[in-house]
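Each remark here refers to the structure printed beneath this line.
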Protein chains: 2
Amino acid sequence: MDLIATSETQSEGHSARRNAVLESALALLGEGGERALTTAGVARAANCSKESLYKWFGDRDGLLAAMITFQASKVRAEPQPVGATGLPALRAQLVGIATNLLKVLSGDVSIALNRLAIGKAHRDAADLGQLVLDHGRRPIETRLSALLEAGRDAGLIAFDDTHEAYATLYGLIVRDMHVRLLLGEPKQPFSPAARAEQAVDQFLRLFGAMETTGPARERTGSGSPNNAPDIP
Amino acid sequence: MDLIATSETQSEGHSARRNAVLESALALLGEGGERALTTAGVARAANCSKESLYKWFGDRDGLLAAMITFQASKVRAEPQPVGATGLPALRAQLVGIATNLLKVLSGDVSIALNRLAIGKAHRDAADLGQLVLDHGRRPIETRLSALLEAGRDAGLIAFDDTHEAYATLYGLIVRDMHVRLLLGEPKQPFSPAARAEQAVDQFLRLFGAMETTGPARERTGSGSPNNAPDIP
DNA sequence: CGCGAACCGTACCGTACGGTACGCTGCATT
DNA sequence: AATGCAGCGTACCGTACGGTACGGTTCGCG
């Protein structure tokens with residue numbers, strides 16, 4: 001389960017070979033689903049021996065875990081210009097992240113990996129699901145949350161609970177696209193950028209500090225989940 | 001794959017026995033995940049023979065498909081009072097459906113079934129995923145869409161594209177709760193009703209025909225996904 | 001009472017796949 | 001050149017599970 005350090009002084013080539021194998025495995029998974037991801041199949045596709053697979057990854061689950069972290073490492077956040085401030089800048093940043101999120105979630109390997117993790121979520125492995133959550137969701141939540149709080153500190157948006165605000169934004173962006181894709185619905189063409197802008201604008205309408213006219217009517221409305229909201 | 005009519009004149013008892021078996025299978029799946037759902041295991045749990053299983057469901061996939069439709073049939077929409085009109089009534093109806101949706105999606109069997117369908121989504125069976133989509137999502141979309149359009153006809157809310165409005169509402173309600181649950185994140189306690197009210201209120205803020213002051217500023221903002229929205 | 005249908009329980013078969021063992025090859029270091 | 005090591009390819013093993021076959025039992029009907 002734990003990624004055994006096959007060799008303490010892991011030379012560059014060592015790791016490179018591993019990554020090449022992981023790449024093959026991801027490709028295999030992407031096109032054939034879990035069924036295609038047999039140890040023999042991976043070995044064949046990567047031109048390596050099963051024995052080497054077990055030496056490097058210890059276990060089939062170890063291989064899967066390595067695939068997840070490897071894939072996640074390829075999607076690492078590209079540093080974004082944090083210079084300009086103001087609402088347009090905030091909006092642009094949010095839209096950028098949202099667009100990226102939509103593209104990533106729609107990716108074939110991401111879908112396949114999520115399917116894999118979900119299929120084995122209950123009672124198995126070192127919970128690949130947790131791994132996906134840690135390496136996929138958490139970074140995005142961190143980035144978005146930081147951005148949201150920066151926006152709040154700048155007086156551009158208003159909310160009580162950062163996590164709540166983040167979750168709302170996430171819902172506006174992704175909707176149920178992810179689950180539908182996971183369930184195998186053929187992905188229908190759409191513009192991630194346009195959808196991202198739309199979602200961010202909706203979010204800003206809900207959480208913007210300056211409403212159309214007058215102060216925000218419901219600043220805490222989406223804070224703690226309490227009943228009896230103020231819509232009569 | 002296709003649900004073979006085992007007997008044209010399926011007597012009540014026949015179907016009852018089948019349903020009992022499906023119940024056992026669902027229980028088994030709910031507690032043990034897919035791994036526990038072996039034909040032998042189901043037969044043992046249901047006190048029937050494997051041979052009967054194959055006679056009734058034709059196939060393991062047939063059993064899975066039957067489980068999905070059976071479970072869906074148990075969640076059929078309870079007819080709701082469509083009497084009163086006006087915004088409070090609309091809001092109450094939406095909140096009701098949203099609450100129900102959240103409860104259903106959080107259910108153990110629902111989660112297990114979705115995991116199952118997702119695990120086999122790519123290239124397998126008669127696409128259990130499609131089945132889940134058809135029997136799980138579509139009814140909710142139908143109900144919500146009808147309600148939304150009724151609200152629009154009554155001048156309470158405004159939108160161009162019904163599907164867009166529905167998708168936004170869905171996102172606000174469910175957020176990424178579903179995927180997180182599917183990935184195995186322990187379900188943290190929350191009040192479905194409160195979350196439903198919160199989501200519906202947010203939706204009404206976005207799509208309500210009567211804004212705080214003056215006419216809606218962005219009535220078509222969430223219609224067709226076009227770029228260049230009106231926030232400068 | 002006799003018969004047949006449905007069905008339970010179990011034993012059985014074939015296969016697919018995770019995991020291991022072994023022999024051989026090519027490269028690097030001395 | 002000799003030696004050792006990493007790794008490839010393949011053969012092999014055990015098991016788990018989908019699917020089938022068979023004997024025994026119950027129940028309803030003529």
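Residue numbering restarts at 1 in every chain; chains get A, B, ... in the order shown in the structure tokens, and ligands count up from 1 in that same order.
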
Chain A in the frame of chain B after Cα least-squares fit, as a tab-separated table (two decimals) with C-alpha atoms, in the first residue's frame:
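Output saved as selection-v2.tsv:
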```tsv
chain	number	residue	atom	x	y	z
A	1	MET	CA	-29.68	-8.26	-20.40
A	2	ASP	CA	-33.30	-7.74	-21.21
A	3	LEU	CA	-35.38	-8.79	-18.29
A	4	ILE	CA	-36.69	-12.00	-19.65
A	5	ALA	CA	-40.26	-12.65	-18.80
A	6	THR	CA	-39.74	-15.85	-16.91
A	7	SER	CA	-43.39	-16.64	-17.13
A	8	GLU	CA	-45.95	-14.78	-19.13
A	9	THR	CA	-48.67	-15.08	-16.52
A	10	GLN	CA	-46.42	-13.95	-13.73
A	11	SER	CA	-48.51	-14.50	-10.68
A	12	GLU	CA	-48.26	-12.15	-7.76
A	13	GLY	CA	-46.26	-14.62	-5.75
A	14	HIS	CA	-43.75	-14.96	-8.51
A	15	SER	CA	-42.98	-11.31	-8.57
A	16	ALA	CA	-43.01	-11.11	-4.82
A	17	ARG	CA	-40.34	-13.75	-4.54
A	18	ARG	CA	-38.25	-11.94	-7.08
A	19	ASN	CA	-38.60	-8.73	-5.14
A	20	ALA	CA	-37.61	-10.47	-1.93
A	21	VAL	CA	-34.49	-11.72	-3.65
A	22	LEU	CA	-33.75	-8.24	-4.95
A	23	GLU	CA	-34.21	-6.90	-1.46
A	24	SER	CA	-31.67	-9.33	-0.11
A	25	ALA	CA	-29.29	-8.45	-2.90
A	26	LEU	CA	-29.64	-4.76	-2.19
A	27	ALA	CA	-29.02	-5.32	1.49
A	28	LEU	CA	-25.96	-7.37	0.66
A	29	LEU	CA	-24.67	-4.73	-1.68
A	30	GLY	CA	-25.36	-1.98	0.79
A	31	GLU	CA	-23.28	-3.48	3.51
A	32	GLY	CA	-20.52	-5.20	1.61
A	33	GLY	CA	-20.14	-3.33	-1.62
A	34	GLU	CA	-19.80	-4.97	-4.98
A	35	ARG	CA	-17.36	-7.52	-3.67
A	36	ALA	CA	-20.10	-9.01	-1.54
A	37	LEU	CA	-22.47	-9.25	-4.43
A	38	THR	CA	-21.53	-12.63	-5.82
A	39	THR	CA	-24.15	-14.90	-7.29
A	40	ALA	CA	-23.43	-17.46	-4.61
A	41	GLY	CA	-23.69	-14.82	-1.94
A	42	VAL	CA	-27.01	-13.53	-3.18
A	43	ALA	CA	-28.37	-17.04	-3.42
A	44	ARG	CA	-27.28	-17.78	0.13
A	45	ALA	CA	-28.64	-14.52	1.52
A	46	ALA	CA	-31.95	-14.95	-0.25
A	47	ASN	CA	-32.27	-18.65	0.47
A	48	CYS	CA	-32.59	-19.49	-3.15
A	49	SER	CA	-30.48	-21.40	-5.60
A	50	LYS	CA	-28.09	-19.95	-8.09
A	51	GLU	CA	-30.01	-21.76	-10.76
A	52	SER	CA	-33.13	-19.84	-9.87
A	53	LEU	CA	-31.21	-16.59	-10.01
A	54	TYR	CA	-30.14	-17.34	-13.53
A	55	LYS	CA	-33.60	-18.44	-14.48
A	56	TRP	CA	-35.14	-15.22	-13.19
A	57	PHE	CA	-32.54	-12.69	-14.17
A	58	GLY	CA	-30.74	-14.48	-16.92
A	59	ASP	CA	-27.40	-13.10	-16.02
A	60	ARG	CA	-25.48	-11.33	-13.32
A	61	ASP	CA	-25.92	-8.11	-15.23
A	62	GLY	CA	-29.60	-8.84	-15.46
A	63	LEU	CA	-29.68	-9.10	-11.70
A	64	LEU	CA	-27.88	-5.81	-11.32
A	65	ALA	CA	-30.23	-4.14	-13.77
A	66	ALA	CA	-33.23	-5.54	-11.93
A	67	MET	CA	-31.80	-4.23	-8.67
A	68	ILE	CA	-31.51	-0.77	-10.10
A	69	THR	CA	-35.02	-0.61	-11.49
A	70	PHE	CA	-36.40	-2.20	-8.36
A	71	GLN	CA	-34.71	0.31	-6.11
A	72	ALA	CA	-35.87	3.11	-8.36
A	73	SER	CA	-39.43	1.84	-8.21
A	74	LYS	CA	-39.34	2.16	-4.43
A	75	VAL	CA	-38.45	5.84	-4.64
A	76	ARG	CA	-41.18	6.76	-7.06
A	77	ALA	CA	-42.43	10.25	-6.61
A	78	GLU	CA	-45.15	10.51	-4.06
A	79	PRO	CA	-47.83	12.74	-5.58
A	80	GLN	CA	-47.59	16.15	-4.06
A	81	PRO	CA	-50.31	18.69	-3.55
A	82	VAL	CA	-50.17	20.95	-6.54
A	83	GLY	CA	-52.99	23.12	-5.33
A	84	ALA	CA	-51.75	26.39	-3.96
A	85	THR	CA	-49.91	28.78	-6.18
A	86	GLY	CA	-47.73	31.77	-5.56
A	87	LEU	CA	-44.09	32.06	-4.62
A	88	PRO	CA	-44.31	30.50	-1.16
A	89	ALA	CA	-46.04	27.47	-2.65
A	90	LEU	CA	-43.45	27.16	-5.40
A	91	ARG	CA	-40.68	27.49	-2.90
A	92	ALA	CA	-42.23	24.87	-0.67
A	93	GLN	CA	-42.56	22.46	-3.56
A	94	LEU	CA	-39.00	22.99	-4.66
A	95	VAL	CA	-37.74	22.56	-1.14
A	96	GLY	CA	-39.70	19.37	-0.81
A	97	ILE	CA	-38.22	17.85	-3.91
A	98	ALA	CA	-34.75	19.06	-3.03
A	99	THR	CA	-34.96	17.59	0.44
A	100	ASN	CA	-36.11	14.31	-0.95
A	101	LEU	CA	-33.32	14.36	-3.49
A	102	LEU	CA	-30.70	14.92	-0.84
A	103	LYS	CA	-32.05	12.13	1.29
A	104	VAL	CA	-32.21	9.71	-1.59
A	105	LEU	CA	-28.72	10.46	-2.81
A	106	SER	CA	-27.36	10.00	0.70
A	107	GLY	CA	-28.99	6.63	1.11
A	108	ASP	CA	-26.69	3.68	1.50
A	109	VAL	CA	-28.27	1.60	-1.22
A	110	SER	CA	-28.35	4.50	-3.61
A	111	ILE	CA	-24.67	5.10	-3.02
A	112	ALA	CA	-23.82	1.46	-3.44
A	113	LEU	CA	-25.88	1.20	-6.61
A	114	ASN	CA	-24.30	4.28	-8.09
A	115	ARG	CA	-20.87	2.92	-7.25
A	116	LEU	CA	-21.77	-0.28	-8.99
A	117	ALA	CA	-23.05	1.45	-12.09
A	118	ILE	CA	-20.07	3.76	-12.24
A	119	GLY	CA	-17.64	0.94	-11.81
A	120	LYS	CA	-19.11	-0.81	-14.83
A	121	ALA	CA	-19.90	2.29	-16.81
A	122	HIS	CA	-17.30	1.88	-19.50
A	123	ARG	CA	-17.92	-0.98	-21.86
A	124	ASP	CA	-19.99	-3.44	-19.97
A	125	ALA	CA	-23.44	-4.71	-19.38
A	126	ALA	CA	-26.29	-2.78	-20.91
A	127	ASP	CA	-24.69	0.26	-19.38
A	128	LEU	CA	-26.00	0.22	-15.89
A	129	GLY	CA	-25.01	3.85	-15.83
A	130	GLN	CA	-27.62	4.65	-18.43
A	131	LEU	CA	-30.14	2.74	-16.37
A	132	VAL	CA	-29.33	4.76	-13.28
A	133	LEU	CA	-29.51	7.91	-15.31
A	134	ASP	CA	-32.89	6.95	-16.73
A	135	HIS	CA	-34.45	5.76	-13.51
A	136	GLY	CA	-32.75	8.11	-11.10
A	137	ARG	CA	-31.97	11.40	-12.72
A	138	ARG	CA	-34.61	11.71	-15.36
A	139	PRO	CA	-37.63	11.53	-13.06
A	140	ILE	CA	-36.18	14.24	-10.89
A	141	GLU	CA	-35.35	16.39	-13.85
A	142	THR	CA	-38.87	15.93	-15.15
A	143	ARG	CA	-40.47	16.89	-11.88
A	144	LEU	CA	-38.23	19.84	-11.25
A	145	SER	CA	-38.46	21.09	-14.80
A	146	ALA	CA	-42.23	20.94	-14.77
A	147	LEU	CA	-42.28	22.85	-11.54
A	148	LEU	CA	-39.87	25.45	-12.82
A	149	GLU	CA	-41.84	26.01	-15.98
A	150	ALA	CA	-45.02	26.29	-13.99
A	151	GLY	CA	-43.32	28.90	-11.88
A	152	ARG	CA	-42.20	30.73	-14.96
A	153	ASP	CA	-45.68	30.61	-16.46
A	154	ALA	CA	-46.95	32.09	-13.23
A	155	GLY	CA	-44.43	34.90	-13.57
A	156	LEU	CA	-42.58	33.94	-10.43
A	157	ILE	CA	-39.26	33.07	-11.96
A	158	ALA	CA	-37.57	33.83	-15.22
A	159	PHE	CA	-35.25	31.85	-17.44
A	160	ASP	CA	-34.74	30.99	-21.03
A	161	ASP	CA	-33.46	27.47	-21.00
A	162	THR	CA	-35.28	25.11	-18.71
A	163	HIS	CA	-32.49	22.62	-18.68
A	164	GLU	CA	-30.00	25.28	-17.71
A	165	ALA	CA	-32.16	26.43	-14.86
A	166	TYR	CA	-32.68	22.89	-13.70
A	167	ALA	CA	-28.97	22.14	-13.85
A	168	THR	CA	-28.17	25.23	-11.82
A	169	LEU	CA	-30.70	24.31	-9.20
A	170	TYR	CA	-29.35	20.79	-9.07
A	171	GLY	CA	-25.85	22.09	-8.59
A	172	LEU	CA	-26.95	24.38	-5.78
A	173	ILE	CA	-28.70	21.52	-4.05
A	174	VAL	CA	-26.26	18.68	-4.38
A	175	ARG	CA	-22.97	20.49	-4.89
A	176	ASP	CA	-20.27	17.84	-4.82
A	177	MET	CA	-21.80	15.91	-1.98
A	178	HIS	CA	-22.70	13.05	-4.27
A	179	VAL	CA	-19.24	12.48	-5.65
A	180	ARG	CA	-17.67	12.81	-2.22
A	181	LEU	CA	-20.00	10.19	-0.85
A	182	LEU	CA	-19.29	7.98	-3.83
A	183	LEU	CA	-15.59	8.34	-3.17
A	184	GLY	CA	-16.12	7.04	0.32
A	185	GLU	CA	-15.89	10.21	2.34
A	186	PRO	CA	-17.69	9.50	5.60
A	187	LYS	CA	-21.03	11.21	5.47
A	188	GLN	CA	-21.03	14.08	7.85
A	189	PRO	CA	-24.27	14.94	9.56
A	190	PHE	CA	-26.31	17.68	7.97
A	191	SER	CA	-29.92	18.68	7.67
A	192	PRO	CA	-31.23	17.92	4.18
A	193	ALA	CA	-34.20	20.19	4.73
A	194	ALA	CA	-32.04	23.13	5.74
A	195	ARG	CA	-29.67	22.63	2.86
A	196	ALA	CA	-32.60	22.29	0.49
A	197	GLU	CA	-34.11	25.55	1.69
A	198	GLN	CA	-30.80	27.28	1.39
A	199	ALA	CA	-30.28	26.03	-2.14
A	200	VAL	CA	-33.77	26.90	-3.27
A	201	ASP	CA	-33.46	30.38	-1.83
A	202	GLN	CA	-30.20	30.87	-3.65
A	203	PHE	CA	-31.84	29.66	-6.82
A	204	LEU	CA	-34.73	32.04	-6.34
A	205	ARG	CA	-32.32	34.89	-5.83
A	206	LEU	CA	-30.72	34.04	-9.14
A	207	PHE	CA	-33.84	33.36	-11.13
A	208	GLY	CA	-36.56	35.19	-9.26
A	209	ALA	CA	-38.66	37.37	-11.56
A	210	MET	CA	-38.97	40.12	-8.97
A	211	GLU	CA	-35.64	41.32	-7.68
A	212	THR	CA	-35.08	43.24	-4.51
A	213	THR	CA	-35.55	46.47	-6.33
A	214	GLY	CA	-36.41	47.08	-9.91
A	215	PRO	CA	-36.59	44.51	-12.68
A	216	ALA	CA	-34.23	41.61	-12.94
A	217	ARG	CA	-30.90	42.86	-14.09
A	218	GLU	CA	-29.69	39.71	-15.67
A	219	ARG	CA	-32.69	37.70	-16.70
A	220	THR	CA	-30.94	36.00	-19.54
A	221	GLY	CA	-27.64	35.90	-17.77
A	222	SER	CA	-27.95	32.24	-17.05
A	223	GLY	CA	-29.60	31.31	-20.27
A	224	SER	CA	-27.46	30.35	-23.19
A	225	PRO	CA	-23.82	30.18	-22.20
A	226	ASN	CA	-22.35	33.24	-23.82
A	227	ASN	CA	-19.25	35.09	-22.86
A	228	ALA	CA	-19.01	38.74	-21.96
A	229	PRO	CA	-21.56	38.85	-19.20
A	230	ASP	CA	-22.63	42.19	-17.89
A	231	ILE	CA	-20.57	42.37	-14.75
A	232	PRO	CA	-17.94	44.96	-15.52
```

Quick one: residues within 10 Å of DC22 of chain D, only C-alpha atoms (C1' of nucleotides) counted, chain neighbours fewer than 6 positions away excluded, as a PDB file with C-alpha atoms (C1' of nucleotides), in the first residue's frame?
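Generated output (around_34.pdb):
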```
ATOM      1  C1'  DT C  10     -24.768 -28.443  -3.582  1.00  0.00           C
ATOM      2  C1'  DA C  11     -21.328 -30.065  -6.381  1.00  0.00           C
ATOM      3  C1'  DC C  12     -18.885 -29.123 -10.440  1.00  0.00           C
TER       4       DC C  12
END
```

### Between atom C1' of DC13 of chain C and atom C1' of DG23 of chain D - distance in Å to one decimal
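Here the two named atoms are 17.9 Å from each other.
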
### Task
Could you give me the residues within segment 84-159 of chain A that DSSP places in helix (DSSP H, G or I), as number ranges by chain?
A: 87-106, 108-119, 128-153

### Message
Contacts from chain D to chain A, 9 Å maximum, only C-alpha atoms (C1' of nucleotides): show me the residue list as a list in words.
### Response
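Close to chain A, chain D has DG7, DC8 and DG9 of chain D.
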
### Query
For chain C, which residues have at least one atom within 10 Å of chain B, if we go by only C-alpha atoms (C1' of nucleotides)? Write them as JSON, numbers by chain, please.
{"C": [6, 7, 8, 9, 10]}

### Query
Could you work out how far atom C1' of DT15 of chain C lies from atom C1' of DG18 of chain D, giving the answer in Å with one decimal?
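Here the two named atoms are 9.3 Å from each other.
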
### Task
Can you pull out every residue within 12 Å of DA28 of chain C, counting only C-alpha atoms (C1' of nucleotides), but drop anything in the same chain fewer than 4 positions away, and send it as a PyMOL selection string?
chain D and resi 3-6
